[in-house]
Amino acid sequence: MKYYIGIDLGGTNIVAGVVDEDYKIIAKASTKTNCPRPAKEIADDMAKMALEAVSNAGLTINDIEWVGVGTPGIANSATGIIEYSNNLGFKDTPMVKYIQETIDKPVFIENDANAAAYGEYVAGAAKGAKNAVCITLGTGVGGGIIVDGKIYSGSNFAGAEIGHTVIAVDGAQCSCGRKGCFEAYSSATGLIRMTKEAMAEDPDSIMNKMAQEKGKVTARTSFDAMRAGDKTAKMVVDKYIKYLAAGITNTINIFQPDILCIGGGVCNEGDPLLLPVKALVKEEVYTKNSAKNTEIVIAKLGNDAGIIGAAFLGRANA
C-alpha cells in the first residue's frame with residue numbers, strides 16, 4: 001500500500017491528512033492558521049501537522065511517497081511558489097522550499113479549489129469523467145477545471161476563477177473589485193446579503209424571527225423560512241437559484257464538461273436547491289437540443305476533497 005500526505009491550507013485552519021492509494025484518509029491532524037503571521041511560521045505548522053498525521057496513522061515519513069498542498073491564491077506548481085494570496089497575506093512565498101526544510105520528500109502545490117476539484121475527479125462526484133468542472137459555494141465561489149484528466153490553471157496559474165465572471169453588470173460589489181460577479185450572488189456570503197436585504201424590507205418575515213432565535217443570519221435562514229411557508233423567504237431562494245443557474249449555465253456553455261459538480265454548505269439543501277437549478281439550466285444552456293449534455297451533481301467529498309486532491313497532486317503533475 002502506498003501513502004500520500006494532503007494538506008489543506010485555509011484562512012482559518014490547517015488540516016493535513018494521510019491518504020492511501022484507495023483514496024481513503026486514514027489519519028488527520030489540524031491546527032489554527034492564525035493569520036496574519038509570517039509565511040515561514042505557517043509553513044512550519046503545515047509540516048508539523050503533516051508529521052503528526054503520519055504519526056497518527058501509525059506510519060513513518062519513510063512510508064510517504066510525496067506531499068501535496070492546496071492553498072488559496074495563485075500557486076505556481078512549476079516553481080513551488082505561492083505568488084499571491086490575499087487571504088493569507090502571501091506574496092512570492094517559496095512554500096515548497098519551506099516545507100522541504102522539514103520534510104525531505106517531493107512537495108507539490110496547487111490552488112485549493114483546483115485541489116478540491118481534483119479530489120472530486122479522482123474519488124468523488126466527478127470520478128470517471130474525462131472533463132469536469134467543480135464549483136464550491138462557500139464564503140466565495142471557487143472553481144476547479146479538469147480537462148483530459150489534468151488540472152487547468154491557465155498560463156499564469158490563476159485560471160478557473162469562475163466566481164469572478166460577471167452575471168449582473170453594475171450589480172452588487174464583489175470583494176475582487178468588480179461589480180455583479182457570480183461570487184457576489186451565489187456564494188453563501190451573497191445569499192446572506194440577499195436574505196438580510198429581504199428581511200429589512202419585510203420585518204414580519206419568519207426569517208427575522210429565525211435570525212433572532214439563532215443570533216445571526218446564515219445561508220440556511222431563507223431555506224428554513226421558505227419551508228415554514230414564508231413567501232418573502234421563497235422570493236430570496238428563487239432569486240438565489242436564478243443567479244446560481246445563470247453562473248452554472250455560463251460555465252457549461254464555455255467548457256461543456258461531462259460533469260459539473262457543486263459543493264459547499266449551501267448544497268446540504270439537496271434537491272430543493274439542485275432540482276430547480278437543473279431545470280433552469282436545462283432551459284437556458286446553449287446545447288439544450290444536444291444528445292449529450294453536462295450532468296449537474298452535488299459534490300460528494302465535502303471538506304475532505306481538498307485533502308484527497310492535494311494528496312494526489314504528484315499524480316496530477318506526472
# chains A, B, ... in the order shown; residues from 1 in each chain; ligands from 1

$ residues_around --residues "Gly314 (chain A)" --least-positions-apart "3" --cutoff "12 Å" --atoms "only C-alpha atoms" --output "number ranges by chain"
A: 3-6, 64-69, 77, 105-110, 115, 118, 150-151, 308-311, 317-318

$ residues_around --residues "Asn156 (chain A)" --least-positions-apart "6" --cutoff "12 Å" --atoms "only C-alpha atoms" --output "PyMOL selection string"
chain A and resi 73-79+82-84+111

$ write_last_selection --atoms "N, CA, C and O atoms" --output "PDB file, in the first residue's frame"
ATOM      1  N   GLY A  73      -5.237  31.273  -3.410  1.00  0.00           N
ATOM      2  CA  GLY A  73      -4.390  32.179  -4.169  1.00  0.00           C
ATOM      3  C   GLY A  73      -3.754  31.562  -5.405  1.00  0.00           C
ATOM      4  O   GLY A  73      -4.138  30.488  -5.863  1.00  0.00           O
ATOM      5  N   ILE A  74      -2.749  32.265  -5.924  1.00  0.00           N
ATOM      6  CA  ILE A  74      -2.060  31.858  -7.150  1.00  0.00           C
ATOM      7  C   ILE A  74      -0.865  30.994  -6.763  1.00  0.00           C
ATOM      8  O   ILE A  74       0.140  31.491  -6.236  1.00  0.00           O
ATOM      9  N   ALA A  75      -0.996  29.697  -6.997  1.00  0.00           N
ATOM     10  CA  ALA A  75       0.053  28.749  -6.633  1.00  0.00           C
ATOM     11  C   ALA A  75       0.753  28.274  -7.905  1.00  0.00           C
ATOM     12  O   ALA A  75       0.149  27.593  -8.730  1.00  0.00           O
ATOM     13  N   ASN A  76       2.017  28.645  -8.065  1.00  0.00           N
ATOM     14  CA  ASN A  76       2.783  28.255  -9.249  1.00  0.00           C
ATOM     15  C   ASN A  76       3.319  26.845  -9.042  1.00  0.00           C
ATOM     16  O   ASN A  76       4.300  26.642  -8.327  1.00  0.00           O
ATOM     17  N   SER A  77       2.649  25.878  -9.661  1.00  0.00           N
ATOM     18  CA  SER A  77       3.029  24.478  -9.449  1.00  0.00           C
ATOM     19  C   SER A  77       4.369  24.145 -10.094  1.00  0.00           C
ATOM     20  O   SER A  77       4.987  23.141  -9.749  1.00  0.00           O
ATOM     21  N   ALA A  78       4.841  24.994 -10.999  1.00  0.00           N
ATOM     22  CA  ALA A  78       6.132  24.752 -11.652  1.00  0.00           C
ATOM     23  C   ALA A  78       7.304  25.183 -10.775  1.00  0.00           C
ATOM     24  O   ALA A  78       8.344  24.519 -10.731  1.00  0.00           O
ATOM     25  N   THR A  79       7.139  26.283 -10.032  1.00  0.00           N
ATOM     26  CA  THR A  79       8.237  26.807  -9.216  1.00  0.00           C
ATOM     27  C   THR A  79       8.091  26.472  -7.728  1.00  0.00           C
ATOM     28  O   THR A  79       9.051  26.614  -6.963  1.00  0.00           O
ATOM     29  N   ILE A  82       3.989  30.281  -3.938  1.00  0.00           N
ATOM     30  CA  ILE A  82       2.667  30.897  -3.883  1.00  0.00           C
ATOM     31  C   ILE A  82       2.868  32.370  -4.231  1.00  0.00           C
ATOM     32  O   ILE A  82       3.406  33.143  -3.432  1.00  0.00           O
ATOM     33  N   GLU A  83       2.487  32.727  -5.447  1.00  0.00           N
ATOM     34  CA  GLU A  83       2.802  34.064  -5.943  1.00  0.00           C
ATOM     35  C   GLU A  83       1.978  35.147  -5.240  1.00  0.00           C
ATOM     36  O   GLU A  83       2.483  36.245  -5.005  1.00  0.00           O
ATOM     37  N   TYR A  84       0.730  34.814  -4.925  1.00  0.00           N
ATOM     38  CA  TYR A  84      -0.101  35.805  -4.231  1.00  0.00           C
ATOM     39  C   TYR A  84      -1.296  35.119  -3.592  1.00  0.00           C
ATOM     40  O   TYR A  84      -1.934  34.269  -4.194  1.00  0.00           O
ATOM     41  N   ASN A 111      -3.646  25.565  -6.290  1.00  0.00           N
ATOM     42  CA  ASN A 111      -4.746  26.351  -5.734  1.00  0.00           C
ATOM     43  C   ASN A 111      -5.728  25.417  -5.036  1.00  0.00           C
ATOM     44  O   ASN A 111      -5.985  24.302  -5.494  1.00  0.00           O
TER      45      ASN A 111
END

$ select_by_dssp --residues "region 141-264 of chain A" --states "alpha helix (DSSP H)" --output "PyMOL selection string"
chain A and resi 182-186+188-201+206-214+221-227+231-255

$ residues_around --residues "Glu197 (chain A)" --least-positions-apart "6" --cutoff "12 Å" --atoms "only C-alpha atoms" --output "short mmCIF file (atom, residue, chain, number, x, y, z; two decimals) with C-alpha atoms, in the first residue's frame"
data_model
loop_
_atom_site.label_atom_id
_atom_site.label_comp_id
_atom_site.auth_asym_id
_atom_site.auth_seq_id
_atom_site.Cartn_x
_atom_site.Cartn_y
_atom_site.Cartn_z
CA GLY A 190 -24.13 36.60 -1.26
CA LEU A 191 -27.11 34.56 -0.09
CA PRO A 203 -39.90 42.99 9.15
CA SER A 205 -40.93 37.76 7.70
CA MET A 207 -36.67 35.00 8.61
CA ASN A 208 -36.43 37.81 11.18
CA VAL A 217 -28.43 35.23 9.67
CA SER A 222 -34.07 31.72 3.81
CA THR A 232 -40.51 36.55 1.28
CA ALA A 233 -38.05 33.76 2.02
CA MET A 235 -38.51 35.03 -3.12
CA VAL A 236 -34.95 35.09 -1.73
#

$ residues_around --residues "Cys181 (chain A)" --least-positions-apart "4" --cutoff "8 Å" --atoms "only C-alpha atoms" --output "PDB file with N, CA and C atoms, in the first residue's frame"
ATOM      1  N   GLY A 163     -15.848  32.306 -10.129  1.00  0.00           N
ATOM      2  CA  GLY A 163     -16.610  33.209  -9.273  1.00  0.00           C
ATOM      3  C   GLY A 163     -16.488  34.672  -9.664  1.00  0.00           C
ATOM      4  N   HIS A 164     -15.461  34.995 -10.440  1.00  0.00           N
ATOM      5  CA  HIS A 164     -15.259  36.400 -10.807  1.00  0.00           C
ATOM      6  C   HIS A 164     -15.585  36.667 -12.271  1.00  0.00           C
ATOM      7  N   THR A 165     -16.600  35.935 -12.749  1.00  0.00           N
ATOM      8  CA  THR A 165     -17.235  36.270 -14.016  1.00  0.00           C
ATOM      9  C   THR A 165     -18.518  37.025 -13.675  1.00  0.00           C
ATOM     10  N   VAL A 166     -18.832  38.060 -14.427  1.00  0.00           N
ATOM     11  CA  VAL A 166     -19.964  38.927 -14.093  1.00  0.00           C
ATOM     12  C   VAL A 166     -21.277  38.348 -14.627  1.00  0.00           C
ATOM     13  N   ILE A 167     -22.278  38.268 -13.750  1.00  0.00           N
ATOM     14  CA  ILE A 167     -23.605  37.813 -14.183  1.00  0.00           C
ATOM     15  C   ILE A 167     -24.648  38.924 -14.051  1.00  0.00           C
ATOM     16  N   ALA A 168     -24.255  40.073 -13.470  1.00  0.00           N
ATOM     17  CA  ALA A 168     -25.167  41.215 -13.347  1.00  0.00           C
ATOM     18  C   ALA A 168     -24.337  42.496 -13.481  1.00  0.00           C
ATOM     19  N   GLY A 171     -23.832  45.310 -10.877  1.00  0.00           N
ATOM     20  CA  GLY A 171     -24.582  44.727  -9.767  1.00  0.00           C
ATOM     21  C   GLY A 171     -23.882  44.913  -8.435  1.00  0.00           C
ATOM     22  N   ALA A 172     -24.099  43.974  -7.525  1.00  0.00           N
ATOM     23  CA  ALA A 172     -23.551  44.053  -6.171  1.00  0.00           C
ATOM     24  C   ALA A 172     -22.023  44.058  -6.190  1.00  0.00           C
ATOM     25  N   GLN A 173     -21.449  44.796  -5.262  1.00  0.00           N
ATOM     26  CA  GLN A 173     -19.993  44.896  -5.165  1.00  0.00           C
ATOM     27  C   GLN A 173     -19.390  43.547  -4.777  1.00  0.00           C
ATOM     28  N   CYS A 174     -18.336  43.162  -5.473  1.00  0.00           N
ATOM     29  CA  CYS A 174     -17.610  41.922  -5.151  1.00  0.00           C
ATOM     30  C   CYS A 174     -16.293  42.282  -4.470  1.00  0.00           C
ATOM     31  N   TYR A 185     -23.291  36.928  -5.814  1.00  0.00           N
ATOM     32  CA  TYR A 185     -24.685  36.483  -5.750  1.00  0.00           C
ATOM     33  C   TYR A 185     -24.843  35.025  -5.327  1.00  0.00           C
TER      34      TYR A 185
END

$ residues_around --residues "Phe223 (chain A)" --least-positions-apart "4" --cutoff "12 Å" --atoms "only C-alpha atoms" --output "mmCIF file with all heavy atoms, in the first residue's frame"
data_model
loop_
_atom_site.group_PDB
_atom_site.id
_atom_site.type_symbol
_atom_site.label_atom_id
_atom_site.label_comp_id
_atom_site.auth_asym_id
_atom_site.auth_seq_id
_atom_site.Cartn_x
_atom_site.Cartn_y
_atom_site.Cartn_z
ATOM 1 N N LEU A 191 -25.785 34.989 -0.531
ATOM 2 C CA LEU A 191 -27.114 34.563 -0.091
ATOM 3 C C LEU A 191 -27.485 35.245 1.223
ATOM 4 O O LEU A 191 -28.629 35.695 1.400
ATOM 5 C CB LEU A 191 -27.139 33.042 0.050
ATOM 6 C CG LEU A 191 -28.433 32.420 0.600
ATOM 7 C CD1 LEU A 191 -29.657 32.849 -0.201
ATOM 8 C CD2 LEU A 191 -28.321 30.901 0.632
ATOM 9 N N ILE A 192 -26.536 35.336 2.142
ATOM 10 C CA ILE A 192 -26.786 36.009 3.422
ATOM 11 C C ILE A 192 -27.110 37.488 3.189
ATOM 12 O O ILE A 192 -28.029 38.045 3.803
ATOM 13 C CB ILE A 192 -25.576 35.838 4.371
ATOM 14 C CG1 ILE A 192 -25.485 34.379 4.839
ATOM 15 C CG2 ILE A 192 -25.674 36.787 5.566
ATOM 16 C CD1 ILE A 192 -24.184 34.027 5.535
ATOM 17 N N THR A 195 -30.573 37.765 1.865
ATOM 18 C CA THR A 195 -31.513 37.450 2.949
ATOM 19 C C THR A 195 -31.708 38.656 3.856
ATOM 20 O O THR A 195 -32.841 39.025 4.194
ATOM 21 C CB THR A 195 -30.994 36.246 3.773
ATOM 22 O OG1 THR A 195 -30.843 35.112 2.906
ATOM 23 C CG2 THR A 195 -31.956 35.890 4.895
ATOM 24 N N ILE A 206 -40.781 35.521 8.616
ATOM 25 C CA ILE A 206 -40.334 34.492 9.558
ATOM 26 C C ILE A 206 -38.807 34.491 9.674
ATOM 27 O O ILE A 206 -38.244 34.117 10.700
ATOM 28 C CB ILE A 206 -40.839 33.093 9.109
ATOM 29 C CG1 ILE A 206 -42.366 33.046 9.156
ATOM 30 C CG2 ILE A 206 -40.252 31.980 9.977
ATOM 31 C CD1 ILE A 206 -42.958 31.780 8.559
ATOM 32 N N MET A 207 -38.136 34.954 8.598
ATOM 33 C CA MET A 207 -36.672 35.000 8.613
ATOM 34 C C MET A 207 -36.153 35.843 9.772
ATOM 35 O O MET A 207 -35.135 35.510 10.387
ATOM 36 C CB MET A 207 -36.141 35.543 7.282
ATOM 37 C CG MET A 207 -36.381 34.636 6.099
ATOM 38 S SD MET A 207 -35.579 35.210 4.585
ATOM 39 C CE MET A 207 -36.560 36.667 4.189
ATOM 40 N N MET A 210 -36.414 33.793 12.963
ATOM 41 C CA MET A 210 -35.400 32.732 12.980
ATOM 42 C C MET A 210 -34.017 33.291 13.271
ATOM 43 O O MET A 210 -33.225 32.699 14.018
ATOM 44 C CB MET A 210 -35.395 31.999 11.636
ATOM 45 C CG MET A 210 -36.580 31.074 11.421
ATOM 46 S SD MET A 210 -36.458 30.191 9.851
ATOM 47 C CE MET A 210 -37.749 28.955 10.063
ATOM 48 N N VAL A 217 -27.884 35.686 10.955
ATOM 49 C CA VAL A 217 -28.432 35.232 9.673
ATOM 50 C C VAL A 217 -27.418 34.279 9.049
ATOM 51 O O VAL A 217 -26.224 34.576 9.008
ATOM 52 C CB VAL A 217 -28.690 36.423 8.719
ATOM 53 C CG1 VAL A 217 -29.204 35.938 7.369
ATOM 54 C CG2 VAL A 217 -29.673 37.406 9.346
ATOM 55 N N THR A 218 -27.878 33.129 8.584
ATOM 56 C CA THR A 218 -26.993 32.167 7.926
ATOM 57 C C THR A 218 -27.491 31.885 6.512
ATOM 58 O O THR A 218 -28.550 32.368 6.106
ATOM 59 C CB THR A 218 -26.933 30.840 8.707
ATOM 60 O OG1 THR A 218 -28.185 30.145 8.544
ATOM 61 C CG2 THR A 218 -26.679 31.075 10.184
ATOM 62 N N ALA A 219 -26.720 31.066 5.804
ATOM 63 C CA ALA A 219 -27.119 30.685 4.445
ATOM 64 C C ALA A 219 -28.349 29.780 4.466
ATOM 65 O O ALA A 219 -28.987 29.575 3.429
ATOM 66 C CB ALA A 219 -25.959 29.986 3.739
ATOM 67 N N ARG A 227 -39.429 26.793 3.954
ATOM 68 C CA ARG A 227 -40.095 25.535 4.318
ATOM 69 C C ARG A 227 -41.199 25.773 5.351
ATOM 70 O O ARG A 227 -42.128 24.981 5.454
ATOM 71 C CB ARG A 227 -39.058 24.542 4.844
ATOM 72 C CG ARG A 227 -38.286 23.837 3.747
ATOM 73 C CD ARG A 227 -37.400 22.733 4.295
ATOM 74 N NE ARG A 227 -36.191 23.261 4.883
ATOM 75 C CZ ARG A 227 -35.055 23.470 4.212
ATOM 76 N NH1 ARG A 227 -35.000 23.202 2.912
ATOM 77 N NH2 ARG A 227 -33.988 23.940 4.814
ATOM 78 N N ALA A 228 -41.064 26.872 6.090
ATOM 79 C CA ALA A 228 -42.084 27.215 7.085
ATOM 80 C C ALA A 228 -43.230 28.028 6.468
ATOM 81 O O ALA A 228 -44.131 28.469 7.184
ATOM 82 C CB ALA A 228 -41.450 27.987 8.236
ATOM 83 N N GLY A 229 -43.178 28.241 5.147
ATOM 84 C CA GLY A 229 -44.262 28.919 4.446
ATOM 85 C C GLY A 229 -44.093 30.417 4.242
ATOM 86 O O GLY A 229 -45.043 31.102 3.859
ATOM 87 N N ASP A 230 -42.882 30.927 4.462
ATOM 88 C CA ASP A 230 -42.633 32.364 4.321
ATOM 89 C C ASP A 230 -42.467 32.736 2.846
ATOM 90 O O ASP A 230 -41.554 32.254 2.169
ATOM 91 C CB ASP A 230 -41.368 32.730 5.100
ATOM 92 C CG ASP A 230 -41.159 34.226 5.224
ATOM 93 O OD1 ASP A 230 -41.116 34.898 4.181
ATOM 94 O OD2 ASP A 230 -41.031 34.728 6.353
ATOM 95 N N LYS A 231 -43.352 33.610 2.354
ATOM 96 C CA LYS A 231 -43.314 34.000 0.936
ATOM 97 C C LYS A 231 -42.090 34.848 0.605
ATOM 98 O O LYS A 231 -41.512 34.726 -0.483
ATOM 99 C CB LYS A 231 -44.588 34.759 0.566
ATOM 100 C CG LYS A 231 -45.833 33.888 0.556
ATOM 101 C CD LYS A 231 -47.059 34.687 0.150
ATOM 102 C CE LYS A 231 -48.316 33.810 0.141
ATOM 103 N NZ LYS A 231 -49.523 34.582 -0.221
ATOM 104 N N THR A 232 -41.695 35.721 1.509
ATOM 105 C CA THR A 232 -40.511 36.551 1.276
ATOM 106 C C THR A 232 -39.261 35.675 1.194
ATOM 107 O O THR A 232 -38.381 35.900 0.354
ATOM 108 C CB THR A 232 -40.353 37.608 2.382
ATOM 109 O OG1 THR A 232 -41.527 38.418 2.417
ATOM 110 C CG2 THR A 232 -39.154 38.503 2.124
ATOM 111 N N ALA A 233 -39.182 34.685 2.050
ATOM 112 C CA ALA A 233 -38.052 33.757 2.023
ATOM 113 C C ALA A 233 -38.009 32.990 0.709
ATOM 114 O O ALA A 233 -36.933 32.781 0.131
ATOM 115 C CB ALA A 233 -38.148 32.779 3.196
ATOM 116 N N LYS A 234 -39.184 32.599 0.221
ATOM 117 C CA LYS A 234 -39.231 31.894 -1.069
ATOM 118 C C LYS A 234 -38.721 32.786 -2.189
ATOM 119 O O LYS A 234 -38.034 32.316 -3.113
ATOM 120 C CB LYS A 234 -40.642 31.422 -1.385
ATOM 121 C CG LYS A 234 -40.686 30.541 -2.647
ATOM 122 C CD LYS A 234 -42.060 30.016 -2.952
ATOM 123 C CE LYS A 234 -42.021 29.026 -4.114
ATOM 124 N NZ LYS A 234 -41.325 29.522 -5.309
ATOM 125 N N MET A 235 -39.022 34.088 -2.119
ATOM 126 C CA MET A 235 -38.512 35.032 -3.123
ATOM 127 C C MET A 235 -36.989 35.095 -3.087
ATOM 128 O O MET A 235 -36.335 35.151 -4.126
ATOM 129 C CB MET A 235 -39.109 36.426 -2.883
ATOM 130 C CG MET A 235 -40.571 36.555 -3.288
ATOM 131 S SD MET A 235 -41.296 38.150 -2.789
ATOM 132 C CE MET A 235 -40.186 39.294 -3.613
ATOM 133 N N VAL A 236 -36.415 35.074 -1.874
ATOM 134 C CA VAL A 236 -34.953 35.091 -1.728
ATOM 135 C C VAL A 236 -34.350 33.828 -2.339
ATOM 136 O O VAL A 236 -33.386 33.881 -3.110
ATOM 137 C CB VAL A 236 -34.541 35.213 -0.245
ATOM 138 C CG1 VAL A 236 -33.017 35.072 -0.100
ATOM 139 C CG2 VAL A 236 -35.001 36.539 0.331
ATOM 140 N N VAL A 237 -34.927 32.674 -1.994
ATOM 141 C CA VAL A 237 -34.419 31.396 -2.504
ATOM 142 C C VAL A 237 -34.524 31.346 -4.029
ATOM 143 O O VAL A 237 -33.579 30.942 -4.720
ATOM 144 C CB VAL A 237 -35.178 30.211 -1.874
ATOM 145 C CG1 VAL A 237 -34.808 28.895 -2.569
ATOM 146 C CG2 VAL A 237 -34.870 30.119 -0.379
ATOM 147 N N ASP A 238 -35.656 31.771 -4.559
ATOM 148 C CA ASP A 238 -35.844 31.778 -6.016
ATOM 149 C C ASP A 238 -34.827 32.676 -6.706
ATOM 150 O O ASP A 238 -34.293 32.339 -7.769
ATOM 151 C CB ASP A 238 -37.264 32.233 -6.374
ATOM 152 C CG ASP A 238 -38.327 31.186 -6.039
ATOM 153 O OD1 ASP A 238 -37.943 30.031 -5.742
ATOM 154 O OD2 ASP A 238 -39.520 31.528 -6.066
ATOM 155 N N LYS A 239 -34.574 33.836 -6.095
ATOM 156 C CA LYS A 239 -33.598 34.779 -6.643
ATOM 157 C C LYS A 239 -32.199 34.164 -6.623
ATOM 158 O O LYS A 239 -31.449 34.236 -7.606
ATOM 159 C CB LYS A 239 -33.631 36.073 -5.818
ATOM 160 C CG LYS A 239 -32.728 37.192 -6.315
ATOM 161 C CD LYS A 239 -32.908 38.423 -5.397
ATOM 162 C CE LYS A 239 -32.013 39.570 -5.817
ATOM 163 N NZ LYS A 239 -32.143 40.729 -4.883
ATOM 164 N N TYR A 240 -31.847 33.541 -5.506
ATOM 165 C CA TYR A 240 -30.539 32.900 -5.373
ATOM 166 C C TYR A 240 -30.369 31.806 -6.423
ATOM 167 O O TYR A 240 -29.337 31.720 -7.099
ATOM 168 C CB TYR A 240 -30.383 32.312 -3.969
ATOM 169 C CG TYR A 240 -29.099 31.554 -3.774
ATOM 170 C CD1 TYR A 240 -27.890 32.219 -3.615
ATOM 171 C CD2 TYR A 240 -29.072 30.155 -3.787
ATOM 172 C CE1 TYR A 240 -26.694 31.523 -3.459
ATOM 173 C CE2 TYR A 240 -27.893 29.454 -3.627
ATOM 174 C CZ TYR A 240 -26.701 30.147 -3.464
ATOM 175 O OH TYR A 240 -25.520 29.456 -3.330
ATOM 176 N N ILE A 241 -31.373 30.967 -6.561
ATOM 177 C CA ILE A 241 -31.315 29.861 -7.520
ATOM 178 C C ILE A 241 -31.202 30.381 -8.946
ATOM 179 O O ILE A 241 -30.467 29.820 -9.779
ATOM 180 C CB ILE A 241 -32.539 28.940 -7.339
ATOM 181 C CG1 ILE A 241 -32.359 28.089 -6.065
ATOM 182 C CG2 ILE A 241 -32.768 28.049 -8.555
ATOM 183 C CD1 ILE A 241 -33.575 27.310 -5.645
ATOM 184 N N VAL A 266 -24.075 25.268 1.282
ATOM 185 C CA VAL A 266 -25.401 25.532 0.713
ATOM 186 C C VAL A 266 -25.967 24.277 0.057
ATOM 187 O O VAL A 266 -27.182 24.052 0.036
ATOM 188 C CB VAL A 266 -25.326 26.686 -0.318
ATOM 189 C CG1 VAL A 266 -26.692 26.944 -0.951
ATOM 190 C CG2 VAL A 266 -24.823 27.959 0.349
ATOM 191 N N CYS A 267 -25.081 23.434 -0.466
ATOM 192 C CA CYS A 267 -25.522 22.234 -1.182
ATOM 193 C C CYS A 267 -26.124 21.176 -0.258
ATOM 194 O O CYS A 267 -26.710 20.201 -0.731
ATOM 195 C CB CYS A 267 -24.361 21.641 -1.977
ATOM 196 S SG CYS A 267 -23.802 22.736 -3.300
ATOM 197 N N ASN A 268 -26.002 21.383 1.061
ATOM 198 C CA ASN A 268 -26.662 20.479 2.001
ATOM 199 C C ASN A 268 -28.183 20.551 1.886
ATOM 200 O O ASN A 268 -28.890 19.676 2.393
ATOM 201 C CB ASN A 268 -26.240 20.797 3.442
ATOM 202 C CG ASN A 268 -24.782 20.464 3.703
ATOM 203 O OD1 ASN A 268 -24.223 19.579 3.067
ATOM 204 N ND2 ASN A 268 -24.164 21.178 4.625
ATOM 205 N N GLU A 269 -28.692 21.582 1.199
ATOM 206 C CA GLU A 269 -30.134 21.696 0.953
ATOM 207 C C GLU A 269 -30.625 20.581 0.039
ATOM 208 O O GLU A 269 -31.809 20.266 0.005
ATOM 209 C CB GLU A 269 -30.473 23.062 0.338
ATOM 210 C CG GLU A 269 -30.188 24.239 1.245
ATOM 211 C CD GLU A 269 -31.022 24.240 2.511
ATOM 212 O OE1 GLU A 269 -32.117 23.636 2.511
ATOM 213 O OE2 GLU A 269 -30.581 24.830 3.512
ATOM 214 N N GLY A 270 -29.726 19.996 -0.748
ATOM 215 C CA GLY A 270 -30.090 18.867 -1.605
ATOM 216 C C GLY A 270 -31.051 19.226 -2.722
ATOM 217 O O GLY A 270 -30.889 20.254 -3.384
ATOM 218 N N ASP A 271 -32.075 18.411 -2.909
ATOM 219 C CA ASP A 271 -32.998 18.574 -4.037
ATOM 220 C C ASP A 271 -33.715 19.927 -4.103
ATOM 221 O O ASP A 271 -33.941 20.438 -5.204
ATOM 222 C CB ASP A 271 -34.028 17.436 -4.053
ATOM 223 C CG ASP A 271 -33.440 16.135 -4.576
ATOM 224 O OD1 ASP A 271 -32.306 16.169 -5.101
ATOM 225 O OD2 ASP A 271 -34.100 15.095 -4.467
ATOM 226 N N PRO A 272 -34.100 20.541 -2.964
ATOM 227 C CA PRO A 272 -34.738 21.862 -3.064
ATOM 228 C C PRO A 272 -33.856 22.908 -3.735
ATOM 229 O O PRO A 272 -34.349 23.898 -4.270
ATOM 230 C CB PRO A 272 -35.003 22.233 -1.596
ATOM 231 C CG PRO A 272 -35.152 20.919 -0.905
ATOM 232 C CD PRO A 272 -34.152 20.011 -1.582
ATOM 233 N N LEU A 273 -32.536 22.672 -3.728
ATOM 234 C CA LEU A 273 -31.604 23.541 -4.453
ATOM 235 C C LEU A 273 -31.317 22.979 -5.842
ATOM 236 O O LEU A 273 -31.429 23.676 -6.851
ATOM 237 C CB LEU A 273 -30.291 23.665 -3.672
ATOM 238 C CG LEU A 273 -29.169 24.430 -4.391
ATOM 239 C CD1 LEU A 273 -29.428 25.929 -4.325
ATOM 240 C CD2 LEU A 273 -27.812 24.107 -3.757
#

$ closest_residue --among "A:Lys127, A:Lys242, A:Lys282, A:Lys24" --to "Phe182 (chain A)" --atoms "only C-alpha atoms"
A:Lys242

$ closest_residue --among "A:Leu244, A:Cys35, A:Ala184, A:Cys261" --to "Gly11 (chain A)" --atoms "only C-alpha atoms"
A:Cys35

$ decode --residues "region 240-248 of chain A" --atoms "N, CA, C and O atoms" --output "compact mmCIF listing (two decimals), in the first residue's frame"
# COMPACT_ATOMS: atom_id res chain seq x y z
N TYR A 240 -31.85 33.54 -5.51
CA TYR A 240 -30.54 32.90 -5.37
C TYR A 240 -30.37 31.81 -6.42
O TYR A 240 -29.34 31.72 -7.10
N ILE A 241 -31.37 30.97 -6.56
CA ILE A 241 -31.31 29.86 -7.52
C ILE A 241 -31.20 30.38 -8.95
O ILE A 241 -30.47 29.82 -9.78
N LYS A 242 -31.88 31.47 -9.25
CA LYS A 242 -31.82 32.06 -10.58
C LYS A 242 -30.39 32.51 -10.93
O LYS A 242 -29.88 32.25 -12.01
N TYR A 243 -29.74 33.18 -9.96
CA TYR A 243 -28.36 33.62 -10.19
C TYR A 243 -27.41 32.43 -10.28
O TYR A 243 -26.50 32.41 -11.12
N LEU A 244 -27.60 31.45 -9.41
CA LEU A 244 -26.74 30.27 -9.43
C LEU A 244 -26.86 29.55 -10.76
O LEU A 244 -25.85 29.15 -11.36
N ALA A 245 -28.07 29.39 -11.24
CA ALA A 245 -28.29 28.72 -12.53
C ALA A 245 -27.65 29.50 -13.68
O ALA A 245 -27.11 28.91 -14.62
N ALA A 246 -27.69 30.83 -13.59
CA ALA A 246 -27.08 31.66 -14.64
C ALA A 246 -25.57 31.43 -14.69
O ALA A 246 -24.98 31.25 -15.77
N GLY A 247 -24.93 31.43 -13.53
CA GLY A 247 -23.49 31.20 -13.49
C GLY A 247 -23.10 29.81 -13.96
O GLY A 247 -22.10 29.62 -14.66
N ILE A 248 -23.90 28.82 -13.57
CA ILE A 248 -23.63 27.44 -13.99
C ILE A 248 -23.83 27.29 -15.50
O ILE A 248 -23.03 26.64 -16.19
